[in-house]
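Student: my_file.cif (mmCIF, C-alpha atoms) pasted underneath:
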```
data_model
loop_
_atom_site.label_atom_id
_atom_site.label_comp_id
_atom_site.auth_asym_id
_atom_site.auth_seq_id
_atom_site.Cartn_x
_atom_site.Cartn_y
_atom_site.Cartn_z
CA MET A 290 101.50 99.97 107.39
CA ALA A 291 101.34 103.76 107.66
CA ILE A 292 102.96 105.54 110.63
CA ASN A 293 102.35 109.06 111.98
CA THR A 294 103.47 110.80 115.16
CA GLU A 295 102.69 114.10 116.84
CA LYS A 296 106.33 114.27 118.00
CA SER A 297 107.57 115.27 114.53
CA ALA A 298 106.61 118.16 112.24
CA LYS A 299 103.17 117.68 110.70
CA PRO A 300 103.08 116.66 107.04
CA ILE A 301 102.25 119.63 104.81
CA GLY A 302 100.30 117.52 102.35
CA ALA A 303 98.45 114.26 101.90
CA TYR A 304 101.15 111.88 103.08
CA VAL A 305 102.17 109.93 106.18
CA HIS A 306 105.37 110.29 108.18
CA ALA A 307 106.49 106.77 107.26
CA LYS A 308 105.38 103.58 105.60
CA GLU A 309 106.62 100.07 106.36
CA VAL A 310 106.92 97.55 103.56
CA ASP A 311 108.61 94.14 103.90
CA GLY A 312 110.85 95.21 106.80
CA PHE A 313 111.86 98.50 105.20
CA VAL A 314 110.56 101.79 106.56
CA PHE A 315 110.40 104.73 104.17
CA LEU A 316 110.18 108.14 105.81
CA SER A 317 108.60 111.01 103.91
CA GLY A 318 110.74 114.09 103.44
CA ILE A 319 111.38 115.54 106.89
CA GLY A 320 112.34 119.13 107.50
CA PRO A 321 113.17 121.22 110.57
CA ARG A 322 109.75 122.64 111.50
CA GLU A 323 108.97 122.41 115.21
CA PRO A 324 106.24 119.79 115.89
CA LYS A 325 104.04 121.90 118.17
CA THR A 326 104.43 125.37 116.66
CA ASP A 327 105.44 124.81 113.01
CA GLU A 328 108.20 127.38 113.60
CA ILE A 329 111.32 127.06 111.49
CA PRO A 330 114.62 127.38 113.37
CA ASP A 331 117.02 130.05 112.12
CA GLY A 332 120.21 128.98 110.35
CA ILE A 333 121.54 125.75 108.90
CA GLU A 334 122.97 124.53 112.21
CA ALA A 335 119.67 124.83 114.12
CA GLN A 336 117.73 123.44 111.18
CA THR A 337 120.00 120.40 110.85
CA HIS A 338 119.62 119.58 114.54
CA ALA A 339 115.84 120.01 114.23
CA VAL A 340 115.67 117.67 111.23
CA PHE A 341 117.51 114.99 113.22
CA ARG A 342 115.08 115.46 116.14
CA ASN A 343 112.14 115.03 113.77
CA VAL A 344 113.69 112.00 112.07
CA LYS A 345 114.38 110.38 115.46
CA ALA A 346 110.76 111.01 116.51
CA VAL A 347 109.44 109.24 113.42
CA LEU A 348 111.91 106.38 113.84
CA GLU A 349 110.80 105.96 117.47
CA ALA A 350 107.17 105.83 116.33
CA CYS A 351 108.28 102.93 114.10
CA ASP A 352 110.13 101.25 117.01
CA LEU A 353 113.44 102.02 115.30
CA GLU A 354 116.62 103.95 116.07
CA MET A 355 119.33 105.65 114.03
CA GLU A 356 121.20 102.34 113.83
CA ASN A 357 118.33 101.05 111.64
CA VAL A 358 118.85 103.77 109.03
CA VAL A 359 120.38 102.48 105.80
CA ASP A 360 120.11 105.47 103.46
CA ILE A 361 119.56 109.23 103.67
CA MET A 362 118.97 111.62 100.81
CA VAL A 363 119.71 115.21 101.85
CA PHE A 364 118.28 118.26 100.12
CA LEU A 365 120.07 121.58 100.72
CA THR A 366 118.95 124.89 99.25
CA ASN A 367 122.44 126.44 99.42
CA MET A 368 125.23 123.91 99.02
CA GLU A 369 127.99 126.50 98.81
CA ASN A 370 127.14 128.27 102.08
CA ASP A 371 125.62 125.44 104.11
CA PHE A 372 127.32 122.14 103.22
CA LYS A 373 130.34 122.41 105.51
CA LYS A 374 128.31 123.29 108.62
CA PHE A 375 125.61 120.75 107.77
CA ASN A 376 128.19 118.01 107.14
CA GLU A 377 129.89 118.56 110.51
CA ILE A 378 126.58 118.22 112.38
CA TYR A 379 125.53 115.25 110.25
CA GLY A 380 128.79 113.51 111.17
CA GLU A 381 128.08 113.98 114.88
CA TYR A 382 124.71 112.24 114.62
CA LEU A 383 125.83 109.39 112.38
CA LYS A 384 129.30 108.69 113.71
CA GLY A 385 129.75 104.93 113.89
CA TYR A 386 126.75 104.11 111.71
CA GLU A 387 127.18 102.76 108.20
CA VAL A 388 124.64 104.84 106.30
CA THR A 389 124.68 105.63 102.60
CA ARG A 390 123.96 109.24 101.67
CA THR A 391 123.26 111.41 98.68
CA THR A 392 123.33 115.20 99.08
CA ILE A 393 121.87 117.44 96.41
CA GLU A 394 121.16 121.13 96.07
CA VAL A 395 117.63 122.14 95.19
CA GLY A 396 116.27 125.54 94.17
CA ALA A 397 113.60 125.47 96.87
CA LEU A 398 111.78 123.23 99.32
CA PRO A 399 108.01 123.29 99.97
CA THR A 400 108.38 125.62 102.96
CA PRO A 401 111.12 128.23 103.56
CA ILE A 402 113.61 125.73 104.98
CA ALA A 403 117.25 125.11 104.12
CA VAL A 404 117.47 121.33 104.64
CA GLU A 405 115.29 118.24 104.35
CA PHE A 406 116.01 114.51 104.67
CA LYS A 407 114.49 111.50 102.91
CA VAL A 408 115.29 108.46 105.05
CA VAL A 409 115.08 104.69 104.53
CA ALA A 410 115.46 102.34 107.50
CA HIS A 411 115.31 98.57 107.97
CA LYS A 412 113.89 96.58 110.87
#
```
Write the structure described by the file as C-alpha cells, please.
Tutor:
Amino acid sequence: MAINTEKSAKPIGAYVHAKEVDGFVFLSGIGPREPKTDEIPDGIEAQTHAVFRNVKAVLEACDLEMENVVDIMVFLTNMENDFKKFNEIYGEYLKGYEVTRTTIEVGALPTPIAVEFKVVAHK
C-alpha cells in the first residue's frame, strides 16, 4: 500500500512518501524542505530538526510513531563539518529507541540540502 501526506515535503520525483509491505513500512528519502513552501531551512541544526518533523509526519500518515522505526540511513553532504551537530540532535530524537543507523557522506543530494534520511519502520 502506498502512503502520501501533505504534512511532509512533497516528493521531487515519481515516488510515494512510504510503502507498506508485510508489516514493514519503507519511507522514501526524506529531506528538510518545508511542506507548504518547499523552503530549505538554513544550517545543519535547522535541517536536522526539519527532517525529523517530515519523518514524523509520514510515520503518522502510516499510523506509526518513532518507536516503530527499526533502521535509518543518513546522508550528509559534509561529514566533517556537520556530523557532530547532526549527531547531537539525532540523539535527542531517538533517545531510548533501539534503532540501527548507517551514516554516509555523499557529494550531493537532489536539492541543495545537507541531510536526508531513508527510514524503515515496522508495525
Student: Can you turn the PyMOL selection byres ((chain A and resi 327-330) around 12) into a concrete residue list for this file, as a ChimeraX atom specification?
Tutor: /A:295-301,320-326,331-340,343,400-404
Student: Quick one: residues within 9 Å of Met290 in chain A, only C-alpha atoms counted, chain neighbours fewer than 2 positions away excluded, as a list in words?
Tutor: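 The residues that qualify are Ile292, Ala307, Lys308, Glu309 and Val310 of chain A.
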Student: Got a sec to resolve the PyMOL selection byres ((chain A and resi 366) around 9) on this structure and send the residues as JSON, numbers by chain?
Tutor: {"A": [364, 365, 367, 368, 371, 393, 394, 395, 396, 397, 398, 402, 403, 404]}
Student: Could you work out how far CA of Ile319 in chain A lies from CA of Lys384 in chain A, giving the answer in Å with one decimal?
Tutor: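 Distance reported for this atom pair: 20.4 Å.
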Student: Within 12 Å of Lys412 in chain A, counting all atoms listed in the file, which residues show up once you throw out same-chain ones fewer than 6 positions away? Write them as number ranges by chain, please.
Tutor: A: 309-315, 348-349, 351-359
Student: Using CA of Val409 in chain A and CA of Glu377 in chain A as the two end points, give the distance in Å to one decimal.
Tutor: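 If I compute the distance from CA of Val409 in chain A to CA of Glu377 in chain A, I get 21.2 Å.
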Student: What's the separation between CA of Ala350 in chain A and CA of His411 in chain A, in Å to one decimal place?
Tutor: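 These atoms are spaced 13.7 Å apart.
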Student: Tell me which residues the PyMOL selection byres ((chain A and resi 318) around 7) grabs here, as a list of chain:residue names.
Tutor: A:Leu316, A:Ser317, A:Ile319, A:Gly320, A:Glu405, A:Phe406, A:Lys407
Student: Can you sort out the box for range 387-401 of chain A, edges along x, y and z, all listed atoms in, 6 Å on every side, with centre and edge lengths in Å to one decimal, as AutoDock Vina command-line options?
Tutor:
```
--center_x 117.6 --center_y 115.5 --center_z 101.2 --size_x 31.2 --size_y 37.5 --size_z 26.0
```
Student: Write out N, CA and C atoms for range 353-385 of chain A, as a compact mmCIF listing (two decimals), in the coordinates of the input.
Tutor:
```txt
# COMPACT_ATOMS: atom_id res chain seq x y z
N LEU A 353 112.11 102.08 115.88
CA LEU A 353 113.44 102.02 115.30
C LEU A 353 114.33 103.09 115.91
N GLU A 354 115.63 102.97 115.63
CA GLU A 354 116.62 103.95 116.07
C GLU A 354 117.51 104.31 114.89
N MET A 355 118.43 105.25 115.11
CA MET A 355 119.33 105.65 114.03
C MET A 355 120.14 104.47 113.49
N GLU A 356 120.42 103.49 114.31
CA GLU A 356 121.20 102.34 113.83
C GLU A 356 120.45 101.54 112.77
N ASN A 357 119.13 101.73 112.66
CA ASN A 357 118.33 101.05 111.64
C ASN A 357 118.34 101.77 110.29
N VAL A 358 118.84 102.99 110.26
CA VAL A 358 118.85 103.77 109.03
C VAL A 358 119.88 103.19 108.06
N VAL A 359 119.47 103.01 106.81
CA VAL A 359 120.38 102.48 105.80
C VAL A 359 120.74 103.51 104.74
N ASP A 360 119.85 104.49 104.52
CA ASP A 360 120.11 105.47 103.46
C ASP A 360 119.44 106.80 103.80
N ILE A 361 120.13 107.89 103.50
CA ILE A 361 119.56 109.23 103.67
C ILE A 361 119.86 110.04 102.41
N MET A 362 118.80 110.65 101.88
CA MET A 362 118.97 111.62 100.81
C MET A 362 118.77 112.99 101.44
N VAL A 363 119.73 113.88 101.25
CA VAL A 363 119.71 115.21 101.85
C VAL A 363 119.47 116.24 100.76
N PHE A 364 118.56 117.15 101.02
CA PHE A 364 118.28 118.26 100.12
C PHE A 364 118.71 119.54 100.82
N LEU A 365 119.62 120.28 100.21
CA LEU A 365 120.07 121.58 100.72
C LEU A 365 119.70 122.65 99.70
N THR A 366 119.28 123.82 100.18
CA THR A 366 118.95 124.89 99.25
C THR A 366 120.14 125.78 98.93
N ASN A 367 121.24 125.64 99.69
CA ASN A 367 122.44 126.44 99.42
C ASN A 367 123.69 125.63 99.75
N MET A 368 124.09 124.80 98.81
CA MET A 368 125.23 123.91 99.02
C MET A 368 126.50 124.69 99.35
N GLU A 369 126.75 125.75 98.64
CA GLU A 369 127.99 126.50 98.81
C GLU A 369 128.12 127.07 100.23
N ASN A 370 127.07 127.65 100.75
CA ASN A 370 127.14 128.27 102.08
C ASN A 370 126.89 127.30 103.23
N ASP A 371 126.09 126.26 102.99
CA ASP A 371 125.62 125.44 104.11
C ASP A 371 126.26 124.07 104.24
N PHE A 372 126.87 123.54 103.18
CA PHE A 372 127.32 122.14 103.22
C PHE A 372 128.30 121.87 104.34
N LYS A 373 129.31 122.68 104.51
CA LYS A 373 130.34 122.41 105.51
C LYS A 373 129.75 122.32 106.92
N LYS A 374 128.93 123.30 107.29
CA LYS A 374 128.31 123.29 108.62
C LYS A 374 127.37 122.10 108.77
N PHE A 375 126.53 121.89 107.74
CA PHE A 375 125.61 120.75 107.77
C PHE A 375 126.38 119.44 107.93
N ASN A 376 127.44 119.26 107.15
CA ASN A 376 128.19 118.01 107.14
C ASN A 376 128.84 117.72 108.49
N GLU A 377 129.31 118.75 109.17
CA GLU A 377 129.89 118.56 110.51
C GLU A 377 128.84 118.04 111.49
N ILE A 378 127.67 118.64 111.48
CA ILE A 378 126.58 118.22 112.38
C ILE A 378 126.11 116.82 112.01
N TYR A 379 125.95 116.57 110.73
CA TYR A 379 125.53 115.25 110.25
C TYR A 379 126.48 114.18 110.78
N GLY A 380 127.78 114.46 110.70
CA GLY A 380 128.79 113.51 111.17
C GLY A 380 128.67 113.21 112.65
N GLU A 381 128.27 114.20 113.44
CA GLU A 381 128.08 113.98 114.88
C GLU A 381 126.95 112.98 115.13
N TYR A 382 125.87 113.11 114.42
CA TYR A 382 124.71 112.24 114.62
C TYR A 382 124.92 110.84 114.08
N LEU A 383 125.71 110.70 113.03
CA LEU A 383 125.83 109.39 112.38
C LEU A 383 127.19 108.74 112.55
N LYS A 384 128.00 109.28 113.45
CA LYS A 384 129.30 108.69 113.71
C LYS A 384 129.12 107.24 114.18
N GLY A 385 129.81 106.33 113.52
CA GLY A 385 129.75 104.93 113.89
C GLY A 385 128.68 104.13 113.17
```
